[in-house]
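Next up, query01.cif (mmCIF, C-alpha atoms):
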data_start
loop_
_atom_site.label_atom_id
_atom_site.label_comp_id
_atom_site.auth_asym_id
_atom_site.auth_seq_id
_atom_site.Cartn_x
_atom_site.Cartn_y
_atom_site.Cartn_z
CA MET A 510 85.69 57.07 113.00
CA LYS A 511 82.44 59.02 113.19
CA ARG A 512 83.80 61.16 116.04
CA ARG A 513 86.96 61.87 114.06
CA PHE A 514 84.81 62.80 111.06
CA LEU A 515 82.66 65.00 113.29
CA PHE A 516 85.75 66.83 114.62
CA VAL A 517 86.92 67.43 111.06
CA ILE A 518 83.54 68.92 110.09
CA ILE A 519 83.52 71.17 113.18
CA GLY A 520 87.05 72.33 112.41
CA ILE A 521 86.10 73.22 108.84
CA LEU A 522 83.06 75.18 110.06
CA ILE A 523 85.15 77.14 112.56
CA MET A 524 87.74 78.00 109.92
CA SER A 525 84.99 79.05 107.49
CA MET A 526 83.43 81.34 110.10
CA ALA A 527 86.80 82.88 110.91
CA LEU A 528 87.61 83.49 107.25
CA SER A 529 84.14 84.91 106.68
CA GLY A 530 84.63 87.34 109.56
CA CYS A 531 88.00 88.49 108.23
CA GLY A 532 86.55 88.96 104.77
CA SER A 533 83.70 91.12 106.07
CA SER A 534 86.07 93.29 108.07
CA GLN A 535 88.39 93.77 105.14
CA SER A 536 85.50 94.67 102.85
CA ALA A 537 84.19 97.20 105.36
CA ASP A 538 87.61 98.82 105.67
CA THR A 539 87.99 98.93 101.89
CA ASN A 540 84.59 100.55 101.39
CA LYS A 541 85.01 103.04 104.20
CA THR A 542 85.75 106.56 102.95
CA LYS A 543 88.57 108.01 105.01
CA SER A 544 88.02 111.65 105.97
CA THR A 545 90.84 114.18 106.11
CA SER A 546 89.16 115.60 109.21
CA GLU A 547 88.50 112.44 111.24
CA GLN A 548 88.58 112.59 115.05
CA LEU A 549 92.14 112.41 116.34
CA THR A 550 92.96 110.83 119.69
CA PRO A 551 96.35 111.64 121.28
CA VAL A 552 98.12 108.73 122.98
CA GLU A 553 99.05 111.08 125.81
CA SER A 554 98.65 114.77 126.58
CA ASP A 555 100.46 116.94 124.04
CA GLY A 556 100.00 120.13 126.10
CA SER A 557 98.57 122.18 123.22
CA LEU A 558 95.24 122.97 124.89
CA GLU A 559 96.89 123.78 128.19
CA ARG A 560 99.38 126.01 126.37
CA VAL A 561 96.71 128.33 124.95
CA LYS A 562 94.79 128.33 128.22
CA GLN A 563 97.92 129.36 130.11
CA ALA A 564 98.54 132.09 127.52
CA GLY A 565 94.88 133.11 127.73
CA LYS A 566 94.60 133.38 123.95
CA ILE A 567 94.62 131.56 120.63
CA VAL A 568 96.53 133.30 117.85
CA ILE A 569 94.83 132.89 114.47
CA GLY A 570 96.44 133.13 111.05
CA VAL A 571 94.09 134.94 108.65
CA ASP A 572 93.75 136.59 105.25
CA ASP A 573 92.03 139.76 106.50
CA ASN A 574 90.79 140.86 103.07
CA PHE A 575 88.56 137.92 102.14
CA PRO A 576 84.96 139.14 102.41
CA PRO A 577 82.48 138.02 103.64
CA MET A 578 84.59 135.52 105.61
CA GLU A 579 86.97 138.07 107.17
CA TYR A 580 87.56 141.70 106.17
CA ARG A 581 87.92 145.21 107.58
CA ASP A 582 84.82 147.36 107.99
CA ASP A 583 84.76 151.15 107.62
CA ASN A 584 86.21 151.50 111.13
CA GLY A 585 89.06 149.09 110.44
CA GLU A 586 87.53 146.38 112.61
CA LEU A 587 87.84 142.76 111.49
CA VAL A 588 84.38 141.34 110.73
CA GLY A 589 82.90 138.39 108.84
CA PHE A 590 81.60 134.85 109.22
CA ASP A 591 84.89 133.43 110.52
CA VAL A 592 85.20 136.28 113.01
CA ASP A 593 81.75 135.52 114.42
CA LEU A 594 82.66 131.83 114.54
CA SER A 595 85.84 132.64 116.47
CA LYS A 596 83.79 134.49 119.09
CA GLU A 597 81.77 131.32 119.70
CA ILE A 598 84.98 129.30 120.10
CA GLU A 599 86.32 132.03 122.40
CA LYS A 600 83.30 131.74 124.70
CA ALA A 601 83.38 127.94 124.75
CA LEU A 602 87.09 127.58 125.55
CA GLY A 603 87.41 130.65 127.78
CA VAL A 604 90.34 132.18 125.88
CA LYS A 605 90.71 135.32 123.77
CA MET A 606 91.20 135.27 120.00
CA GLU A 607 94.09 137.23 118.54
CA TRP A 608 94.24 137.70 114.75
CA MET A 609 97.48 137.70 112.79
CA PRO A 610 97.09 138.74 109.11
CA THR A 611 99.39 136.72 106.89
CA ASP A 612 100.19 136.09 103.23
CA TRP A 613 97.90 133.28 102.13
CA ASN A 614 100.51 131.74 99.85
CA GLY A 615 102.65 130.91 102.89
CA VAL A 616 99.98 130.47 105.55
CA ILE A 617 100.63 126.75 106.22
CA ILE A 618 104.38 127.31 106.45
CA ALA A 619 103.73 130.13 108.93
CA LEU A 620 101.46 127.86 111.01
CA ASN A 621 104.05 125.09 111.18
CA SER A 622 106.70 127.71 112.03
CA LYS A 623 104.56 128.47 115.13
CA LYS A 624 103.75 132.05 114.18
CA PHE A 625 100.15 131.33 115.26
CA ASP A 626 98.11 128.48 116.73
CA MET A 627 95.55 127.79 114.00
CA ILE A 628 94.25 128.95 110.62
CA LEU A 629 90.64 130.15 110.70
CA SER A 630 90.26 131.77 107.29
CA SER A 631 87.89 129.79 105.08
CA MET A 632 90.52 127.15 104.33
CA SER A 633 89.30 124.38 102.03
CA ILE A 634 90.06 120.86 103.25
CA THR A 635 92.16 119.03 100.67
CA GLU A 636 94.16 115.82 100.80
CA GLU A 637 97.32 117.72 99.89
CA ARG A 638 96.91 120.21 102.75
CA ALA A 639 96.00 117.40 105.15
CA LYS A 640 99.51 116.03 104.67
CA SER A 641 100.86 119.12 106.46
CA VAL A 642 98.09 120.06 108.91
CA ASN A 643 95.18 118.55 110.84
CA PHE A 644 91.70 119.89 110.08
CA THR A 645 88.55 120.07 112.13
CA ASP A 646 85.37 118.61 110.71
CA PRO A 647 83.93 120.92 108.02
CA TYR A 648 82.00 123.92 109.27
CA LEU A 649 80.98 125.11 105.77
CA TYR A 650 80.64 123.59 102.31
CA GLY A 651 81.67 125.81 99.43
CA SER A 652 82.53 125.45 95.76
CA GLN A 653 84.81 127.07 93.21
CA MET A 654 82.92 129.26 90.75
CA ILE A 655 83.61 131.49 87.75
CA VAL A 656 82.75 135.20 87.84
CA VAL A 657 82.67 137.45 84.76
CA ARG A 658 81.64 141.04 84.14
CA GLY A 659 77.93 141.67 84.09
CA ASP A 660 77.97 142.71 80.43
CA ASN A 661 79.96 139.67 79.28
CA LYS A 662 77.61 137.35 77.38
CA GLU A 663 80.33 135.28 75.68
CA ILE A 664 81.56 133.33 78.71
CA ASN A 665 78.91 130.97 80.08
CA SER A 666 80.99 127.95 81.16
CA SER A 667 84.59 126.88 81.77
CA LYS A 668 84.83 125.81 78.11
CA ASP A 669 84.43 129.46 77.09
CA LEU A 670 87.64 130.40 78.96
CA LYS A 671 89.78 129.11 76.10
CA GLY A 672 92.20 131.86 75.10
CA LYS A 673 91.09 134.06 78.02
CA ILE A 674 92.89 135.69 80.96
CA VAL A 675 91.69 134.48 84.36
CA GLY A 676 92.42 135.96 87.79
CA VAL A 677 92.89 133.93 91.00
CA GLN A 678 94.34 134.31 94.48
CA LEU A 679 97.88 133.00 94.69
CA GLY A 680 98.18 129.72 96.60
CA SER A 681 94.42 129.16 96.79
CA THR A 682 92.31 126.20 95.75
CA SER A 683 90.79 128.60 93.22
CA GLU A 684 94.18 128.70 91.53
CA GLU A 685 94.29 124.89 91.54
CA ALA A 686 90.82 124.73 89.98
CA ALA A 687 91.71 127.28 87.30
CA ARG A 688 94.88 125.44 86.31
CA LYS A 689 92.79 122.35 85.55
CA ILE A 690 90.75 124.21 82.92
CA ASP A 691 92.07 123.55 79.42
CA GLY A 692 92.91 126.37 77.06
CA ILE A 693 93.25 129.37 79.40
CA ARG A 694 95.72 131.78 77.84
CA GLU A 695 97.01 133.29 81.10
CA ILE A 696 96.34 132.89 84.82
CA LYS A 697 97.00 136.12 86.72
CA THR A 698 97.64 135.68 90.43
CA TYR A 699 96.80 138.19 93.15
CA SER A 700 97.60 138.34 96.84
CA GLN A 701 93.99 139.34 97.63
CA TYR A 702 90.67 139.06 95.82
CA PRO A 703 89.66 142.75 95.82
CA GLU A 704 92.62 143.32 93.48
CA ALA A 705 91.44 140.50 91.21
CA PHE A 706 87.91 141.90 91.01
CA ALA A 707 89.24 145.41 90.36
CA ASP A 708 91.17 144.13 87.33
CA LEU A 709 88.12 142.18 86.15
CA SER A 710 85.96 145.31 86.33
CA ILE A 711 88.29 147.32 84.08
CA GLY A 712 88.88 144.50 81.59
CA ARG A 713 92.42 143.46 82.46
CA THR A 714 91.09 139.93 82.95
CA ASP A 715 88.14 138.09 81.42
CA ALA A 716 87.07 136.11 84.49
CA VAL A 717 87.89 135.32 88.11
CA VAL A 718 87.81 131.86 89.67
CA VAL A 719 86.79 132.23 93.31
CA ASP A 720 85.03 130.52 96.17
CA GLY A 721 81.28 130.90 95.61
CA MET A 722 80.77 132.56 99.01
CA VAL A 723 83.27 135.29 98.17
CA GLY A 724 82.00 135.66 94.60
CA GLY A 725 78.46 136.06 95.88
CA TYR A 726 79.59 138.80 98.26
CA PHE A 727 81.16 140.85 95.46
CA LEU A 728 77.98 140.45 93.41
CA THR A 729 75.78 141.80 96.21
CA LYS A 730 78.15 144.74 96.81
CA ASN A 731 78.35 145.59 93.09
CA PRO A 732 74.90 144.85 91.58
CA GLY A 733 75.07 144.40 87.82
CA ASN A 734 78.86 144.73 87.64
CA TYR A 735 79.51 140.99 87.85
CA ARG A 736 77.82 137.72 86.93
CA ILE A 737 78.51 134.35 88.54
CA LEU A 738 78.18 131.27 86.32
CA ASP A 739 76.07 128.28 87.33
CA GLU A 740 78.90 125.80 86.84
CA GLU A 741 80.57 124.47 90.00
CA LEU A 742 84.20 123.65 89.23
CA VAL A 743 84.99 121.94 92.55
CA LYS A 744 82.92 121.34 95.68
CA GLU A 745 84.94 121.97 98.83
CA PRO A 746 84.45 121.46 102.58
CA VAL A 747 85.94 124.21 104.75
CA GLY A 748 87.69 123.62 108.09
CA ILE A 749 90.09 125.03 110.68
CA ALA A 750 93.73 123.93 110.40
CA PHE A 751 96.20 123.04 113.18
CA ARG A 752 99.76 121.78 113.45
CA LYS A 753 99.97 117.99 113.36
CA GLU A 754 101.29 117.83 116.92
CA ASP A 755 98.50 120.00 118.42
CA VAL A 756 95.91 117.22 118.61
CA GLU A 757 94.33 118.24 121.93
CA LEU A 758 93.76 121.81 120.77
CA ARG A 759 92.31 120.61 117.48
CA ASN A 760 89.96 118.18 119.22
CA ALA A 761 88.75 120.85 121.66
CA VAL A 762 87.92 123.26 118.83
CA ASN A 763 86.36 120.42 116.83
CA ASP A 764 84.03 119.66 119.76
CA VAL A 765 82.93 123.31 119.75
CA ILE A 766 82.25 123.19 115.99
CA ASN A 767 80.07 120.10 116.39
CA GLU A 768 78.20 121.64 119.32
CA LEU A 769 77.48 124.77 117.20
CA LYS A 770 76.11 122.51 114.48
CA GLN A 771 73.83 120.71 116.93
CA ASN A 772 72.47 123.81 118.67
CA GLY A 773 71.79 125.65 115.38
CA LYS A 774 74.21 128.52 115.98
CA LEU A 775 76.38 127.67 112.97
CA ARG A 776 73.33 127.66 110.71
CA GLU A 777 72.29 131.00 112.18
CA LEU A 778 75.68 132.52 111.28
CA SER A 779 75.44 131.13 107.75
CA LEU A 780 72.02 132.71 107.23
CA LYS A 781 73.35 136.01 108.58
CA TRP A 782 76.32 136.22 106.19
CA PHE A 783 75.19 134.28 103.10
CA GLY A 784 71.41 134.23 103.25
CA VAL A 785 71.44 130.43 102.90
CA ASP A 786 72.52 127.48 105.06
CA MET A 787 75.95 126.40 103.83
CA THR A 788 76.74 124.27 106.88
CA GLN A 789 75.20 121.04 105.50
#
Spit out the file's structure as structure tokens when you get a sec.
Amino acid sequence: MKRRFLFVIIGILIMSMALSGCGSSQSADTNKTKSTSEQLTPVESDGSLERVKQAGKIVIGVDDNFPPMEYRDDNGELVGFDVDLSKEIEKALGVKMEWMPTDWNGVIIALNSKKFDMILSSMSITEERAKSVNFTDPYLYGSQMIVVRGDNKEINSSKDLKGKIVGVQLGSTSEEAARKIDGIREIKTYSQYPEAFADLSIGRTDAVVVDGMVGGYFLTKNPGNYRILDEELVKEPVGIAFRKEDVELRNAVNDVINELKQNGKLRELSLKWFGVDMTQ
């Protein structure tokens, strides 16, 4: 009788421990924040890394008029933070980088149509985009900001955009951020930001919603002409995008990004182009 009772007690303890373990695991999974740029492990070789190595190059989709990330200098050469980053990836993987300018509004469609191998063009990582592409871990952290003319003292926050005309780049996360602001009279879309800032300068629009890195660049190039508001509309991590099936290529580039973080090179590039460390 006592032995039977003892077996019952042991059985209950074992079941309690098992249930406790399952509960802890479930809680941990529930509390874990799932990243859109988590490490991806292919079940078997997908051939994507070997493909670019055989070709000797990686073709990059880019908006080539997005300073200071990527733009043409006075000699027509492509320069910018992303261009310098691509040179580091080029050295690490032993392949050349070939740039293919493309319309930003259709850049993901063009990637998945195999017009190029990856998008390295200050692309913000969003859950919606992650449904169509795989991202690397973030290499920069930006935010959507509001820029007005330097002499405009009426607009000091997003609330002051009620009844105003706001410029954005078509298909960008800046456009998404602007459309969430209540009361804007009209959102004007542009294929490239220099056009948006040109219209802002002559009064065709009242403000521009733009990535803070780009807005800061236009401020430094046109002192006094523009003013960037303190309000951050959306904070955004920035990554490199790949086709869903190109897991090996994505992982190889992701390893390079993480190595550049560890050895300080990424921080060095950020200080060169922005004057501050935006890699954290």
At a cut-off of 8 Å, can you tabulate as CSV every residue of range 700-785 of chain A near range 587-597 of chain A together with its closest atom pair and the distance in Å to one decimal, using only C-alpha atoms and ordering rows by chain then number?
residue,atom,partner,partner_atom,distance
A:Leu775,CA,A:Leu594,CA,7.7
A:Leu778,CA,A:Phe590,CA,6.7
A:Ser779,CA,A:Phe590,CA,7.3
A:Trp782,CA,A:Phe590,CA,6.2
Considering only C-alpha atoms, can you say which of A:Pro732, A:Asn661, A:Leu769, A:Trp613 comes closest to Thr698 in chain A?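 The shortest atom-to-atom distance to Thr698 in chain A comes from A:Trp613.
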Residues within 7 Å of Arg752 in chain A, please, as a PyMOL selection string. Count all atoms listed in the file; anything in the same chain fewer than 6 positions from it doesn't count. chain A and resi 620-621+642-643
To one decimal in Å, tell me the separation between CA of Gly659 in chain A and CA of Lys689 in chain A. 24.4 Å
Evaluate the PyMOL selection byres ((chain A and resi 784) around 12) here and jot the selected residues down as a ChimeraX atom specification. /A:577,590,722,725-726,729,776-783,785-788
For the provided coordinates, the residues matched by the PyMOL selection byres ((chain A and resi 731) around 12) should be stated as a ChimeraX atom specification. /A:658-659,703,706-707,710,724-730,732-736
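Here the PyMOL selection byres ((chain A and resi 568) around 8) catches exactly these residues: Lys566, Ile567, Ile569, Gly570, Met606, Glu607, Trp608, Met609, Phe625, Asp626 and Met627 of chain A.
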Counting all atoms listed in the file, the residue of A:Gly672, A:Pro610, A:Gly603, A:Gly748 that sits nearest Phe575 in chain A: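 Answer, going by the shortest atom-to-atom distance: A:Pro610.
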What is the distance, in Å and to one decimal place, between CA of Ala639 in chain A and CA of Pro746 in chain A?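 Value for the CA of Ala639 in chain A-CA of Pro746 in chain A distance: 12.5 Å.
Separating CA of Gly721 in chain A from CA of Glu740 in chain A is a distance of 10.4 Å.
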Which one is closest to Lys697 in chain A: A:Gly712, A:Gly676, A:Gly585, A:Pro576? Count all atoms listed in the file. A:Gly676
Shortest interatomic distance to Ala601 in chain A - which of A:Val657, A:Val675, A:Lys562, A:Val743, counting only C-alpha atoms: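 For Ala601 in chain A, the nearest of the given residues is A:Lys562.
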A:Lys624, A:Val718, A:Asp646, A:Lys671: which is nearest Arg759 in chain A, counting only C-alpha atoms?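 Ranked by minimum distance to Arg759 in chain A, first place goes to A:Asp646.
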With distances taken over all atoms listed in the file, which residue among A:Ala761, A:Ile693, A:Ile711, A:Ala750 lies nearest Ile618 in chain A?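 Closest candidate: A:Ala750.
If you count only C-alpha atoms and draw a sphere of 6 Å around (78.4, 134.3, 88.3), the protein and nucleic acid residues inside it come out as Ile655, Val656, Arg736, Ile737 and Leu738 of chain A.
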